[in-house]
file my_file.pdb (PDB, C-alpha atoms)
ATOM      1  CA  MET Q  22     137.013  15.789 142.573
ATOM      2  CA  LEU Q  23     133.549  14.772 143.596
ATOM      3  CA  ARG Q  24     131.799  16.665 146.361
ATOM      4  CA  LEU Q  25     128.413  15.523 147.659
ATOM      5  CA  THR Q  26     126.289  17.283 150.248
ATOM      6  CA  CYS Q  27     125.254  14.718 152.831
ATOM      7  CA  PRO Q  28     121.472  15.029 153.297
ATOM      8  CA  CYS Q  29     121.754  13.598 156.821
ATOM      9  CA  CYS Q  30     124.104  16.176 158.332
ATOM     10  CA  GLY Q  31     124.216  18.866 155.643
ATOM     11  CA  ALA Q  32     127.995  18.858 155.312
ATOM     12  CA  ALA Q  33     129.600  19.299 151.905
ATOM     13  CA  ALA Q  34     131.645  16.125 151.875
ATOM     14  CA  ASP Q  35     134.650  15.468 149.717
ATOM     15  CA  GLU Q  36     134.771  12.114 147.936
ATOM     16  CA  THR Q  37     137.581  11.018 150.258
ATOM     17  CA  GLU Q  38     135.236  11.385 153.243
ATOM     18  CA  LEU Q  39     132.733   9.039 151.645
ATOM     19  CA  ALA Q  40     132.486   5.314 151.102
ATOM     20  CA  PRO Q  41     130.849   4.242 147.822
ATOM     21  CA  GLY Q  42     127.927   1.835 148.017
ATOM     22  CA  GLY Q  43     127.359   1.102 144.349
ATOM     23  CA  GLU Q  44     124.182   1.297 142.331
ATOM     24  CA  ALA Q  45     121.069   2.504 144.118
ATOM     25  CA  HIS Q  46     117.486   1.265 144.150
ATOM     26  CA  LEU Q  47     118.203  -2.421 143.569
ATOM     27  CA  LEU Q  48     115.243  -4.672 144.158
ATOM     28  CA  ARG Q  49     116.213  -7.618 146.289
ATOM     29  CA  GLN Q  50     115.735 -11.041 144.708
ATOM     30  CA  GLY Q  51     115.615 -13.820 147.230
ATOM     31  CA  PRO Q  52     114.097 -17.280 147.718
ATOM     32  CA  GLY Q  53     111.483 -17.930 145.075
ATOM     33  CA  SER Q  54     113.075 -15.776 142.415
ATOM     34  CA  SER Q  55     114.364 -17.244 139.186
ATOM     35  CA  ASP Q  56     118.050 -18.036 138.826
ATOM     36  CA  ASP Q  57     118.378 -15.323 136.202
ATOM     37  CA  ALA Q  58     116.805 -12.700 138.429
ATOM     38  CA  PHE Q  59     118.978 -13.728 141.365
ATOM     39  CA  GLU Q  60     122.143 -13.624 139.282
ATOM     40  CA  ALA Q  61     121.214 -10.182 137.970
ATOM     41  CA  TYR Q  62     120.532  -8.952 141.513
ATOM     42  CA  LEU Q  63     123.876 -10.210 142.753
ATOM     43  CA  PHE Q  64     126.200  -9.383 139.912
ATOM     44  CA  GLN Q  65     124.780  -7.283 137.112
ATOM     45  CA  ARG Q  66     125.070  -3.541 137.530
ATOM     46  CA  LYS Q  67     124.391  -0.598 135.296
ATOM     47  CA  ASN Q  68     127.517   1.200 134.230
ATOM     48  CA  PRO Q  69     126.017   4.143 132.383
ATOM     49  CA  TYR Q  70     127.845   6.894 130.579
ATOM     50  CA  GLY Q  71     125.407   9.443 131.895
ATOM     51  CA  VAL Q  72     122.860   9.661 134.674
ATOM     52  CA  HIS Q  73     123.487   7.283 137.545
ATOM     53  CA  PHE Q  74     121.842   6.769 140.936
ATOM     54  CA  GLU Q  75     124.252   5.693 143.637
ATOM     55  CA  ARG Q  76     124.492   4.847 147.312
ATOM     56  CA  TRP Q  77     127.121   6.564 149.418
ATOM     57  CA  ARG Q  78     128.009   6.525 153.096
ATOM     58  CA  HIS Q  79     129.375   9.570 154.887
ATOM     59  CA  ALA Q  80     131.999   7.289 156.424
ATOM     60  CA  HIS Q  81     134.332   9.909 157.887
ATOM     61  CA  GLY Q  82     131.466  12.189 158.885
ATOM     62  CA  CYS Q  83     128.079  11.437 160.387
ATOM     63  CA  GLY Q  84     128.324   7.796 159.278
ATOM     64  CA  LYS Q  85     124.941   7.679 157.549
ATOM     65  CA  TRP Q  86     123.957   6.230 154.182
ATOM     66  CA  PHE Q  87     122.348   8.374 151.507
ATOM     67  CA  HIS Q  88     121.560   8.414 147.804
ATOM     68  CA  ALA Q  89     123.096  10.586 145.113
ATOM     69  CA  ALA Q  90     122.124  11.246 141.508
ATOM     70  CA  ARG Q  91     124.937  12.328 139.233
ATOM     71  CA  ASP Q  92     126.152  12.249 135.673
ATOM     72  CA  THR Q  93     129.147   9.968 135.193
ATOM     73  CA  ARG Q  94     130.041  11.774 131.962
ATOM     74  CA  THR Q  95     130.086  15.392 133.183
ATOM     75  CA  LEU Q  96     130.386  14.662 136.939
ATOM     76  CA  GLU Q  97     127.415  16.986 137.454
ATOM     77  CA  VAL Q  98     125.640  16.184 140.714
ATOM     78  CA  PHE Q  99     121.855  16.456 140.408
ATOM     79  CA  GLY Q 100     121.333  16.074 144.117
ATOM     80  CA  THR Q 101     121.491  13.852 147.158
ATOM     81  CA  TYR Q 102     118.531  12.406 148.998
ATOM     82  CA  SER Q 103     117.447  10.119 151.794
ATOM     83  CA  ALA Q 104     118.495   6.492 151.832
ATOM     84  CA  GLN Q 105     115.017   5.504 153.022
ATOM     85  CA  VAL Q 106     113.363   5.613 149.593
ATOM     86  CA  SER Q 107     113.155   3.013 146.839
ATOM     87  CA  ALA Q 108     113.049   5.485 143.931
ATOM     88  CA  PRO Q 109     114.507   8.939 143.284
ATOM     89  CA  PRO Q 110     112.292  11.838 144.448
ATOM     90  CA  GLN Q 111     110.519  14.019 141.898
ATOM     91  CA  ASP Q 112     112.654  17.140 142.407
ATOM     92  CA  ILE Q 113     115.786  15.166 141.517
ATOM     93  CA  LEU Q 114     114.068  13.712 138.433
ATOM     94  CA  ASP Q 115     112.969  17.229 137.411
ATOM     95  CA  ARG Q 116     116.537  18.469 137.650
ATOM     96  CA  ILE Q 117     117.742  15.569 135.542
ATOM     97  CA  ALA Q 118     114.988  16.176 132.971
ATOM     98  CA  GLU Q 119     116.204  19.761 132.503
ATOM     99  CA  LYS Q 120     119.556  18.462 131.294
ATOM    100  CA  HIS Q 121     118.406  15.200 129.776
ATOM    101  CA  PRO Q 122     114.921  15.632 128.291
ATOM    102  CA  GLY Q 123     113.106  12.340 128.107
ATOM    103  CA  PHE Q 124     115.331  10.633 130.677
ATOM    104  CA  SER Q 125     113.651   7.742 132.414
ATOM    105  CA  SER Q 126     114.887   6.087 135.589
ATOM    106  CA  GLU Q 127     112.755   3.020 134.842
ATOM    107  CA  GLY Q 128     115.476   1.422 132.742
ATOM    108  CA  GLY Q 129     115.861  -1.588 135.046
ATOM    109  CA  GLN Q 130     118.797  -3.887 134.625
TER     110      GLN Q 130
ATOM    111  CA  MET F  28     148.110   9.461 180.086
ATOM    112  CA  SER F  29     151.551   9.886 178.728
ATOM    113  CA  GLU F  30     150.875  11.891 175.614
ATOM    114  CA  THR F  31     152.408  15.270 176.042
ATOM    115  CA  ALA F  32     152.847  16.044 172.371
ATOM    116  CA  ARG F  33     153.602  19.685 172.119
ATOM    117  CA  SER F  34     154.892  21.634 169.231
ATOM    118  CA  GLN F  35     155.182  25.228 168.330
ATOM    119  CA  GLY F  36     155.717  26.482 164.828
ATOM    120  CA  LEU F  37     152.721  27.649 162.862
ATOM    121  CA  ALA F  38     150.540  26.881 165.859
ATOM    122  CA  ARG F  39     150.780  25.617 169.378
ATOM    123  CA  ILE F  40     149.622  22.017 169.468
ATOM    124  CA  GLU F  41     148.981  20.262 172.741
ATOM    125  CA  ALA F  42     147.649  16.836 173.556
ATOM    126  CA  VAL F  43     144.900  17.375 176.101
ATOM    127  CA  ALA F  44     144.901  14.770 178.829
ATOM    128  CA  GLY F  45     142.247  14.002 181.381
ATOM    129  CA  ARG F  46     139.190  15.272 179.515
ATOM    130  CA  GLY F  47     136.065  13.203 179.965
ATOM    131  CA  MET F  48     133.903  12.329 176.976
ATOM    132  CA  ILE F  49     130.470  10.743 176.954
ATOM    133  CA  THR F  50     128.627   9.585 173.858
ATOM    134  CA  LEU F  51     124.873   9.996 174.007
ATOM    135  CA  LYS F  52     122.876   8.204 171.330
ATOM    136  CA  GLY F  53     119.175   8.215 170.677
ATOM    137  CA  ASP F  54     116.366   9.878 168.760
ATOM    138  CA  MET F  55     117.492  13.513 168.900
ATOM    139  CA  ASP F  56     114.178  14.766 167.541
ATOM    140  CA  SER F  57     112.383  13.437 170.570
ATOM    141  CA  ARG F  58     111.563  15.706 173.472
ATOM    142  CA  ARG F  59     112.960  13.075 175.833
ATOM    143  CA  PHE F  60     116.450  13.422 174.376
ATOM    144  CA  LYS F  61     116.498  17.197 174.916
ATOM    145  CA  ASN F  62     115.057  16.747 178.388
ATOM    146  CA  VAL F  63     117.738  14.273 179.384
ATOM    147  CA  LEU F  64     120.464  16.689 178.297
ATOM    148  CA  ALA F  65     118.871  19.700 179.920
ATOM    149  CA  LYS F  66     117.917  18.062 183.215
ATOM    150  CA  ALA F  67     120.971  15.876 183.745
ATOM    151  CA  LEU F  68     123.710  18.261 182.617
ATOM    152  CA  ASP F  69     122.041  21.577 181.799
ATOM    153  CA  LEU F  70     123.398  21.346 178.260
ATOM    154  CA  PRO F  71     121.551  22.444 175.109
ATOM    155  CA  LEU F  72     121.115  20.185 172.102
ATOM    156  CA  PRO F  73     123.402  21.690 169.442
ATOM    157  CA  ASP F  74     122.278  22.243 165.861
ATOM    158  CA  PRO F  75     123.743  19.936 163.213
ATOM    159  CA  LEU F  76     127.491  20.506 162.675
ATOM    160  CA  ARG F  77     127.649  22.790 165.711
ATOM    161  CA  CYS F  78     128.966  22.629 169.247
ATOM    162  CA  ALA F  79     128.540  24.632 172.428
ATOM    163  CA  PHE F  80     131.062  25.078 175.215
ATOM    164  CA  GLU F  81     130.691  26.574 178.661
ATOM    165  CA  GLY F  82     133.925  26.532 180.580
ATOM    166  CA  ALA F  83     135.218  22.989 180.821
ATOM    167  CA  ARG F  84     131.956  21.468 179.665
ATOM    168  CA  GLY F  85     130.674  21.223 176.154
ATOM    169  CA  ILE F  86     128.654  19.286 173.640
ATOM    170  CA  GLY F  87     129.207  18.567 169.962
ATOM    171  CA  TRP F  88     126.877  17.293 167.244
ATOM    172  CA  MET F  89     128.315  14.026 165.904
ATOM    173  CA  ALA F  90     125.516  12.533 163.802
ATOM    174  CA  PRO F  91     121.719  12.746 163.436
ATOM    175  CA  ASP F  92     121.448  10.367 166.402
ATOM    176  CA  GLU F  93     124.572  11.133 168.419
ATOM    177  CA  VAL F  94     126.174  13.883 170.483
ATOM    178  CA  LEU F  95     129.530  13.957 172.221
ATOM    179  CA  ILE F  96     129.560  15.468 175.701
ATOM    180  CA  PHE F  97     132.763  16.948 177.131
ATOM    181  CA  VAL F  98     133.234  17.156 180.907
ATOM    182  CA  PRO F  99     136.319  17.257 183.122
ATOM    183  CA  GLY F 100     137.609  13.705 183.520
ATOM    184  CA  ALA F 101     136.819  13.538 187.225
ATOM    185  CA  GLU F 102     133.158  14.433 186.591
ATOM    186  CA  VAL F 103     132.455  11.540 184.211
ATOM    187  CA  PRO F 104     130.998   9.047 186.729
ATOM    188  CA  GLU F 105     128.742  11.736 188.173
ATOM    189  CA  ALA F 106     127.610  12.963 184.727
ATOM    190  CA  LEU F 107     127.012   9.421 183.539
ATOM    191  CA  ALA F 108     124.936   8.611 186.616
ATOM    192  CA  ALA F 109     122.888  11.794 186.142
ATOM    193  CA  LEU F 110     122.267  10.955 182.479
ATOM    194  CA  ARG F 111     121.262   7.361 183.205
ATOM    195  CA  ASP F 112     118.972   8.504 185.973
ATOM    196  CA  LYS F 113     117.131  10.823 183.571
ATOM    197  CA  ILE F 114     117.161   8.303 180.710
ATOM    198  CA  GLY F 115     115.370   5.673 182.795
ATOM    199  CA  ASP F 116     113.789   3.146 180.461
ATOM    200  CA  ASP F 117     114.045   5.299 177.334
ATOM    201  CA  HIS F 118     115.936   3.995 174.350
ATOM    202  CA  ILE F 119     118.858   6.383 174.778
ATOM    203  CA  THR F 120     122.374   5.174 175.487
ATOM    204  CA  ALA F 121     125.134   6.983 177.376
ATOM    205  CA  VAL F 122     128.660   5.566 177.321
ATOM    206  CA  ASP F 123     131.945   6.812 178.755
ATOM    207  CA  VAL F 124     134.310   7.074 175.779
ATOM    208  CA  SER F 125     137.023   9.137 177.523
ATOM    209  CA  ASP F 126     139.635   6.415 177.157
ATOM    210  CA  ALA F 127     138.676   5.673 173.561
ATOM    211  CA  ARG F 128     139.723   9.049 172.281
ATOM    212  CA  ALA F 129     142.727  11.354 172.247
ATOM    213  CA  GLN F 130     142.146  15.079 172.276
ATOM    214  CA  PHE F 131     144.263  17.916 170.924
ATOM    215  CA  ARG F 132     144.172  21.674 171.227
ATOM    216  CA  LEU F 133     145.478  23.912 168.454
ATOM    217  CA  THR F 134     146.038  27.565 169.213
ATOM    218  CA  GLY F 135     147.446  30.476 167.292
ATOM    219  CA  PRO F 136     146.796  32.304 164.043
ATOM    220  CA  GLY F 137     148.244  29.403 162.028
ATOM    221  CA  ALA F 138     145.997  26.738 163.578
ATOM    222  CA  ARG F 139     143.418  27.055 160.796
ATOM    223  CA  GLU F 140     146.042  26.490 158.157
ATOM    224  CA  VAL F 141     147.488  23.447 159.939
ATOM    225  CA  LEU F 142     144.052  21.793 159.872
ATOM    226  CA  ALA F 143     143.310  22.887 156.309
ATOM    227  CA  LYS F 144     146.484  21.189 155.102
ATOM    228  CA  LEU F 145     145.352  17.834 156.442
ATOM    229  CA  SER F 146     141.610  17.733 155.864
ATOM    230  CA  PRO F 147     139.247  18.084 152.868
ATOM    231  CA  VAL F 148     136.939  20.366 154.874
ATOM    232  CA  ASP F 149     136.579  24.005 153.811
ATOM    233  CA  PHE F 150     138.382  25.867 156.595
ATOM    234  CA  ALA F 151     137.842  29.327 155.067
ATOM    235  CA  PRO F 152     137.270  31.784 157.939
ATOM    236  CA  ALA F 153     133.825  32.621 156.559
ATOM    237  CA  ARG F 154     132.784  28.967 156.405
ATOM    238  CA  PHE F 155     134.413  27.320 159.408
ATOM    239  CA  VAL F 156     133.414  29.732 162.151
ATOM    240  CA  PRO F 157     133.537  29.542 165.957
ATOM    241  CA  GLY F 158     131.034  26.936 167.075
ATOM    242  CA  THR F 159     131.470  24.758 163.988
ATOM    243  CA  PHE F 160     131.901  21.074 164.819
ATOM    244  CA  ARG F 161     132.756  18.737 161.982
ATOM    245  CA  ARG F 162     133.650  15.089 161.726
ATOM    246  CA  THR F 163     136.009  14.518 158.869
ATOM    247  CA  ARG F 164     139.260  12.945 157.781
ATOM    248  CA  LEU F 165     142.708  14.082 158.897
ATOM    249  CA  ALA F 166     145.120  12.547 156.387
ATOM    250  CA  GLN F 167     144.216   8.868 156.778
ATOM    251  CA  VAL F 168     142.141   8.745 159.958
ATOM    252  CA  PRO F 169     138.721   9.962 161.062
ATOM    253  CA  VAL F 170     138.598  12.896 163.487
ATOM    254  CA  ALA F 171     136.156  15.449 164.834
ATOM    255  CA  VAL F 172     137.356  19.030 164.767
ATOM    256  CA  TRP F 173     135.761  22.187 166.105
ATOM    257  CA  GLN F 174     136.522  25.866 166.491
ATOM    258  CA  LYS F 175     136.192  27.306 169.979
ATOM    259  CA  ASP F 176     137.027  30.919 169.236
ATOM    260  CA  ALA F 177     139.101  32.989 166.816
ATOM    261  CA  ASP F 178     142.422  31.157 167.150
ATOM    262  CA  ARG F 179     141.477  28.070 169.122
ATOM    263  CA  PHE F 180     140.568  24.715 167.637
ATOM    264  CA  GLY F 181     139.916  21.353 169.256
ATOM    265  CA  LEU F 182     140.261  17.902 167.789
ATOM    266  CA  VAL F 183     139.477  14.358 168.882
ATOM    267  CA  CYS F 184     140.547  11.117 167.249
ATOM    268  CA  PHE F 185     140.681   7.488 168.304
ATOM    269  CA  ARG F 186     143.364   6.985 170.914
ATOM    270  CA  SER F 187     144.886   4.165 168.867
ATOM    271  CA  VAL F 188     145.865   6.703 166.198
ATOM    272  CA  GLY F 189     146.724   9.499 168.663
ATOM    273  CA  GLY F 190     150.436   9.210 168.006
ATOM    274  CA  TYR F 191     149.869   9.364 164.273
ATOM    275  CA  VAL F 192     147.686  12.473 164.596
ATOM    276  CA  ALA F 193     150.204  14.162 166.919
ATOM    277  CA  GLY F 194     152.891  13.559 164.304
ATOM    278  CA  LEU F 195     150.703  14.843 161.488
ATOM    279  CA  LEU F 196     149.852  18.047 163.323
ATOM    280  CA  ALA F 197     153.439  18.672 164.407
ATOM    281  CA  ASN F 198     154.658  18.171 160.861
ATOM    282  CA  ALA F 199     151.996  20.431 159.334
ATOM    283  CA  ALA F 200     152.860  23.112 161.910
ATOM    284  CA  ALA F 201     156.628  22.820 161.540
ATOM    285  CA  PRO F 202     158.472  26.137 161.437
ATOM    286  CA  GLY F 203     158.853  27.229 157.839
ATOM    287  CA  ALA F 204     155.865  25.177 156.654
ATOM    288  CA  GLU F 205     153.490  28.110 156.354
ATOM    289  CA  VAL F 206     151.473  28.496 153.167
ATOM    290  CA  GLY F 207     149.813  31.771 154.122
ATOM    291  CA  TYR F 208     146.630  30.939 152.242
ATOM    292  CA  PHE F 209     144.180  32.372 154.762
ATOM    293  CA  THR F 210     146.300  35.368 155.741
ATOM    294  CA  ALA F 211     146.640  36.223 152.044
ATOM    295  CA  GLY F 212     142.909  36.954 152.009
ATOM    296  CA  GLY F 213     141.802  33.515 150.779
TER     297      GLY F 213
END
call {"tool": "encode", "arguments": {"input": "my_file.pdb", "output": "structure tokens"}}
result
Amino acid sequence: MLRLTCPCCGAAADETELAPGGEAHLLRQGPGSSDDAFEAYLFQRKNPYGVHFERWRHAHGCGKWFHAARDTRTLEVFGTYSAQVSAPPQDILDRIAEKHPGFSSEGGQ
Amino acid sequence: MSETARSQGLARIEAVAGRGMITLKGDMDSRRFKNVLAKALDLPLPDPLRCAFEGARGIGWMAPDEVLIFVPGAEVPEALAALRDKIGDDHITAVDVSDARAQFRLTGPGAREVLAKLSPVDFAPARFVPGTFRRTRLAQVPVAVWQKDADRFGLVCFRSVGGYVAGLLANAAAPGAEVGYFTAGG
């Protein structure tokens, strides 16, 4: 069972209170982008066996979107953070680095 | 309102009719928002996940930009007018949602267990204390639930699922359905 603490209201929310929003920190590709970049933006997602950054919405709670960093292999949650950022904050990256030395979130698609 | 759902087993469960509810939305960090609440209704802004009740009136924290105000049903037009008068041109919205929601009251030592059976929230007596106000899931529908004092809980859900919630609560509180988790020192 996955439990994430919503950074907007502070409640420890069970997975069944949340709506998943898929991979986080996607860079929008719109008019002017190449076909390949647009296709990747629309359809291609990371599916890592390990550290993953995700979007979640506290659907049955305060209703707000937020980000979560967790390990899909161990289900360890490294932390949750504001939806209004385009990259994970340093304290989350530090926590990930403790468990996964040399981890880089720059992997891209 | 015709709902008179009432059951007594683990807890006394009553559908509460005639309560007025007003949703107030806006930037809660702003001084204006607190002023509107204080001057129009003499209500404090609750902390996140908390509520405050004084007699028949109360206020619950719904979201970072939303509170739910409880007043007796007959006082809604007056309260709404007072709020809108204080809001003026500010970007704060006040809406009467009394008819959108059904409200329930759960009383008795088993009330905590009835709720804990149906929701993923931690209802441990040390965690869910009087004054806690939490929006969550009750079986398949969203609700807001709060604790008023030791053995009294309140709950609101959308009116359209009021019958479903009444059935859920009655079933979870049926005589003989006790688990005894909290009384066993859990």
call {"tool": "resolve_selection", "arguments": {"input": "my_file.pdb", "expression": "the PyMOL selection byres ((chain Q) within 6 of (chain F))", "output": "PyMOL selection string"}}
result
chain Q and resi 81-83
call {"tool": "resolve_selection", "arguments": {"input": "my_file.pdb", "expression": "the PyMOL selection byres ((chain F and resi 195-206) around 12)", "output": "PDB file with C-alpha atoms, keeping the file's coordinate frame"}}
result
ATOM      1  CA  ALA F  32     152.847  16.044 172.371  1.00  0.00           C
ATOM      2  CA  ARG F  33     153.602  19.685 172.119  1.00  0.00           C
ATOM      3  CA  SER F  34     154.892  21.634 169.231  1.00  0.00           C
ATOM      4  CA  GLN F  35     155.182  25.228 168.330  1.00  0.00           C
ATOM      5  CA  GLY F  36     155.717  26.482 164.828  1.00  0.00           C
ATOM      6  CA  LEU F  37     152.721  27.649 162.862  1.00  0.00           C
ATOM      7  CA  ALA F  38     150.540  26.881 165.859  1.00  0.00           C
ATOM      8  CA  ARG F  39     150.780  25.617 169.378  1.00  0.00           C
ATOM      9  CA  ILE F  40     149.622  22.017 169.468  1.00  0.00           C
ATOM     10  CA  GLU F  41     148.981  20.262 172.741  1.00  0.00           C
ATOM     11  CA  ALA F  42     147.649  16.836 173.556  1.00  0.00           C
ATOM     12  CA  PHE F 131     144.263  17.916 170.924  1.00  0.00           C
ATOM     13  CA  ARG F 132     144.172  21.674 171.227  1.00  0.00           C
ATOM     14  CA  LEU F 133     145.478  23.912 168.454  1.00  0.00           C
ATOM     15  CA  THR F 134     146.038  27.565 169.213  1.00  0.00           C
ATOM     16  CA  GLY F 135     147.446  30.476 167.292  1.00  0.00           C
ATOM     17  CA  PRO F 136     146.796  32.304 164.043  1.00  0.00           C
ATOM     18  CA  GLY F 137     148.244  29.403 162.028  1.00  0.00           C
ATOM     19  CA  ALA F 138     145.997  26.738 163.578  1.00  0.00           C
ATOM     20  CA  ARG F 139     143.418  27.055 160.796  1.00  0.00           C
ATOM     21  CA  GLU F 140     146.042  26.490 158.157  1.00  0.00           C
ATOM     22  CA  VAL F 141     147.488  23.447 159.939  1.00  0.00           C
ATOM     23  CA  LEU F 142     144.052  21.793 159.872  1.00  0.00           C
ATOM     24  CA  ALA F 143     143.310  22.887 156.309  1.00  0.00           C
ATOM     25  CA  LYS F 144     146.484  21.189 155.102  1.00  0.00           C
ATOM     26  CA  LEU F 145     145.352  17.834 156.442  1.00  0.00           C
ATOM     27  CA  SER F 146     141.610  17.733 155.864  1.00  0.00           C
ATOM     28  CA  LEU F 165     142.708  14.082 158.897  1.00  0.00           C
ATOM     29  CA  ALA F 166     145.120  12.547 156.387  1.00  0.00           C
ATOM     30  CA  GLN F 167     144.216   8.868 156.778  1.00  0.00           C
ATOM     31  CA  VAL F 168     142.141   8.745 159.958  1.00  0.00           C
ATOM     32  CA  LEU F 182     140.261  17.902 167.789  1.00  0.00           C
ATOM     33  CA  VAL F 188     145.865   6.703 166.198  1.00  0.00           C
ATOM     34  CA  GLY F 189     146.724   9.499 168.663  1.00  0.00           C
ATOM     35  CA  GLY F 190     150.436   9.210 168.006  1.00  0.00           C
ATOM     36  CA  TYR F 191     149.869   9.364 164.273  1.00  0.00           C
ATOM     37  CA  VAL F 192     147.686  12.473 164.596  1.00  0.00           C
ATOM     38  CA  ALA F 193     150.204  14.162 166.919  1.00  0.00           C
ATOM     39  CA  GLY F 194     152.891  13.559 164.304  1.00  0.00           C
ATOM     40  CA  GLY F 207     149.813  31.771 154.122  1.00  0.00           C
ATOM     41  CA  TYR F 208     146.630  30.939 152.242  1.00  0.00           C
ATOM     42  CA  PHE F 209     144.180  32.372 154.762  1.00  0.00           C
ATOM     43  CA  THR F 210     146.300  35.368 155.741  1.00  0.00           C
ATOM     44  CA  ALA F 211     146.640  36.223 152.044  1.00  0.00           C
ATOM     45  CA  GLY F 213     141.802  33.515 150.779  1.00  0.00           C
TER      46      GLY F 213
END
call {"tool": "resolve_selection", "arguments": {"input": "my_file.pdb", "expression": "the PyMOL selection byres ((chain Q and resi 60-64) around 9)", "output": "compact mmCIF listing (two decimals) with C-alpha atoms, keeping the file's coordinate frame"}}
result
# COMPACT_ATOMS: atom_id res chain seq x y z
CA LEU Q 47 118.20 -2.42 143.57
CA LEU Q 48 115.24 -4.67 144.16
CA ARG Q 49 116.21 -7.62 146.29
CA GLN Q 50 115.74 -11.04 144.71
CA GLY Q 51 115.62 -13.82 147.23
CA SER Q 55 114.36 -17.24 139.19
CA ASP Q 56 118.05 -18.04 138.83
CA ASP Q 57 118.38 -15.32 136.20
CA ALA Q 58 116.80 -12.70 138.43
CA PHE Q 59 118.98 -13.73 141.36
CA GLN Q 65 124.78 -7.28 137.11
CA ARG Q 66 125.07 -3.54 137.53
CA GLN Q 130 118.80 -3.89 134.62
call {"tool": "atom_distance", "arguments": {"input": "my_file.pdb", "atom1": "atom CA of Q:Cys30", "atom2": "atom CA of Q:Ala80"}}
result
12.0 Å
call {"tool": "closest_residue", "arguments": {"input": "my_file.pdb", "among": "F:Gly87, F:Gly115, F:Gly82, F:Pro71", "to": "F:Val172", "atoms": "all atoms listed in the file"}}
result
F:Gly87
call {"tool": "residues_around", "arguments": {"input": "my_file.pdb", "residues": "F:Glu105", "least_positions_apart": "3", "cutoff": "12 Å", "atoms": "all atoms listed in the file", "output": "ChimeraX atom specification"}}
result
/F:47,49,67-68,98-102,108-112,123
call {"tool": "write_last_selection", "arguments": {"input": "my_file.pdb", "atoms": "C-alpha atoms", "output": "PDB file, in the coordinates of the input"}}
result
ATOM      1  CA  GLY F  47     136.065  13.203 179.965  1.00  0.00           C
ATOM      2  CA  ILE F  49     130.470  10.743 176.954  1.00  0.00           C
ATOM      3  CA  ALA F  67     120.971  15.876 183.745  1.00  0.00           C
ATOM      4  CA  LEU F  68     123.710  18.261 182.617  1.00  0.00           C
ATOM      5  CA  VAL F  98     133.234  17.156 180.907  1.00  0.00           C
ATOM      6  CA  PRO F  99     136.319  17.257 183.122  1.00  0.00           C
ATOM      7  CA  GLY F 100     137.609  13.705 183.520  1.00  0.00           C
ATOM      8  CA  ALA F 101     136.819  13.538 187.225  1.00  0.00           C
ATOM      9  CA  GLU F 102     133.158  14.433 186.591  1.00  0.00           C
ATOM     10  CA  ALA F 108     124.936   8.611 186.616  1.00  0.00           C
ATOM     11  CA  ALA F 109     122.888  11.794 186.142  1.00  0.00           C
ATOM     12  CA  LEU F 110     122.267  10.955 182.479  1.00  0.00           C
ATOM     13  CA  ARG F 111     121.262   7.361 183.205  1.00  0.00           C
ATOM     14  CA  ASP F 112     118.972   8.504 185.973  1.00  0.00           C
ATOM     15  CA  ASP F 123     131.945   6.812 178.755  1.00  0.00           C
TER      16      ASP F 123
END
call {"tool": "atom_distance", "arguments": {"input": "my_file.pdb", "atom1": "atom CA of Q:His73", "atom2": "atom CA of Q:Ser54"}}
result
25.8 Å
call {"tool": "closest_residue", "arguments": {"input": "my_file.pdb", "among": "Q:Ala90, Q:Gly84, Q:Gly71, Q:Val98", "to": "Q:His121", "atoms": "only C-alpha atoms"}}
result
Q:Gly71
call {"tool": "atom_distance", "arguments": {"input": "my_file.pdb", "atom1": "atom CA of F:Ala177", "atom2": "atom CA of F:Arg154"}}
result
12.8 Å
call {"tool": "residues_around", "arguments": {"input": "my_file.pdb", "residues": "stretch 104-108 of chain Q", "least_positions_apart": "6", "cutoff": "8 Å", "atoms": "only C-alpha atoms", "output": "CSV table (one decimal) with C-alpha atoms, in the coordinates of the input"}}
result
chain,number,residue,atom,x,y,z
Q,46,HIS,CA,117.5,1.3,144.2
Q,76,ARG,CA,124.5,4.8,147.3
Q,86,TRP,CA,124.0,6.2,154.2
Q,87,PHE,CA,122.3,8.4,151.5
Q,88,HIS,CA,121.6,8.4,147.8
call {"tool": "axis_aligned_box", "arguments": {"input": "my_file.pdb", "around": "stretch 188-199 of chain F", "padding_each_side": "4 Å", "output": "AutoDock Vina command-line options"}}
result
--center_x 150.3 --center_y 13.6 --center_z 164.0 --size_x 16.8 --size_y 21.7 --size_z 17.3
call {"tool": "residues_around", "arguments": {"input": "my_file.pdb", "residues": "F:Arg59", "least_positions_apart": "6", "cutoff": "12 Å", "atoms": "all atoms listed in the file", "output": "VMD selection string"}}
result
chain F and resid 52 to 53 65 to 67 72 110 113 to 119
call {"tool": "write_last_selection", "arguments": {"input": "my_file.pdb", "atoms": "C-alpha atoms", "output": "PDB file, in the frame of the given file"}}
result
ATOM      1  CA  LYS F  52     122.876   8.204 171.330  1.00  0.00           C
ATOM      2  CA  GLY F  53     119.175   8.215 170.677  1.00  0.00           C
ATOM      3  CA  ALA F  65     118.871  19.700 179.920  1.00  0.00           C
ATOM      4  CA  LYS F  66     117.917  18.062 183.215  1.00  0.00           C
ATOM      5  CA  ALA F  67     120.971  15.876 183.745  1.00  0.00           C
ATOM      6  CA  LEU F  72     121.115  20.185 172.102  1.00  0.00           C
ATOM      7  CA  LEU F 110     122.267  10.955 182.479  1.00  0.00           C
ATOM      8  CA  LYS F 113     117.131  10.823 183.571  1.00  0.00           C
ATOM      9  CA  ILE F 114     117.161   8.303 180.710  1.00  0.00           C
ATOM     10  CA  GLY F 115     115.370   5.673 182.795  1.00  0.00           C
ATOM     11  CA  ASP F 116     113.789   3.146 180.461  1.00  0.00           C
ATOM     12  CA  ASP F 117     114.045   5.299 177.334  1.00  0.00           C
ATOM     13  CA  HIS F 118     115.936   3.995 174.350  1.00  0.00           C
ATOM     14  CA  ILE F 119     118.858   6.383 174.778  1.00  0.00           C
TER      15      ILE F 119
END
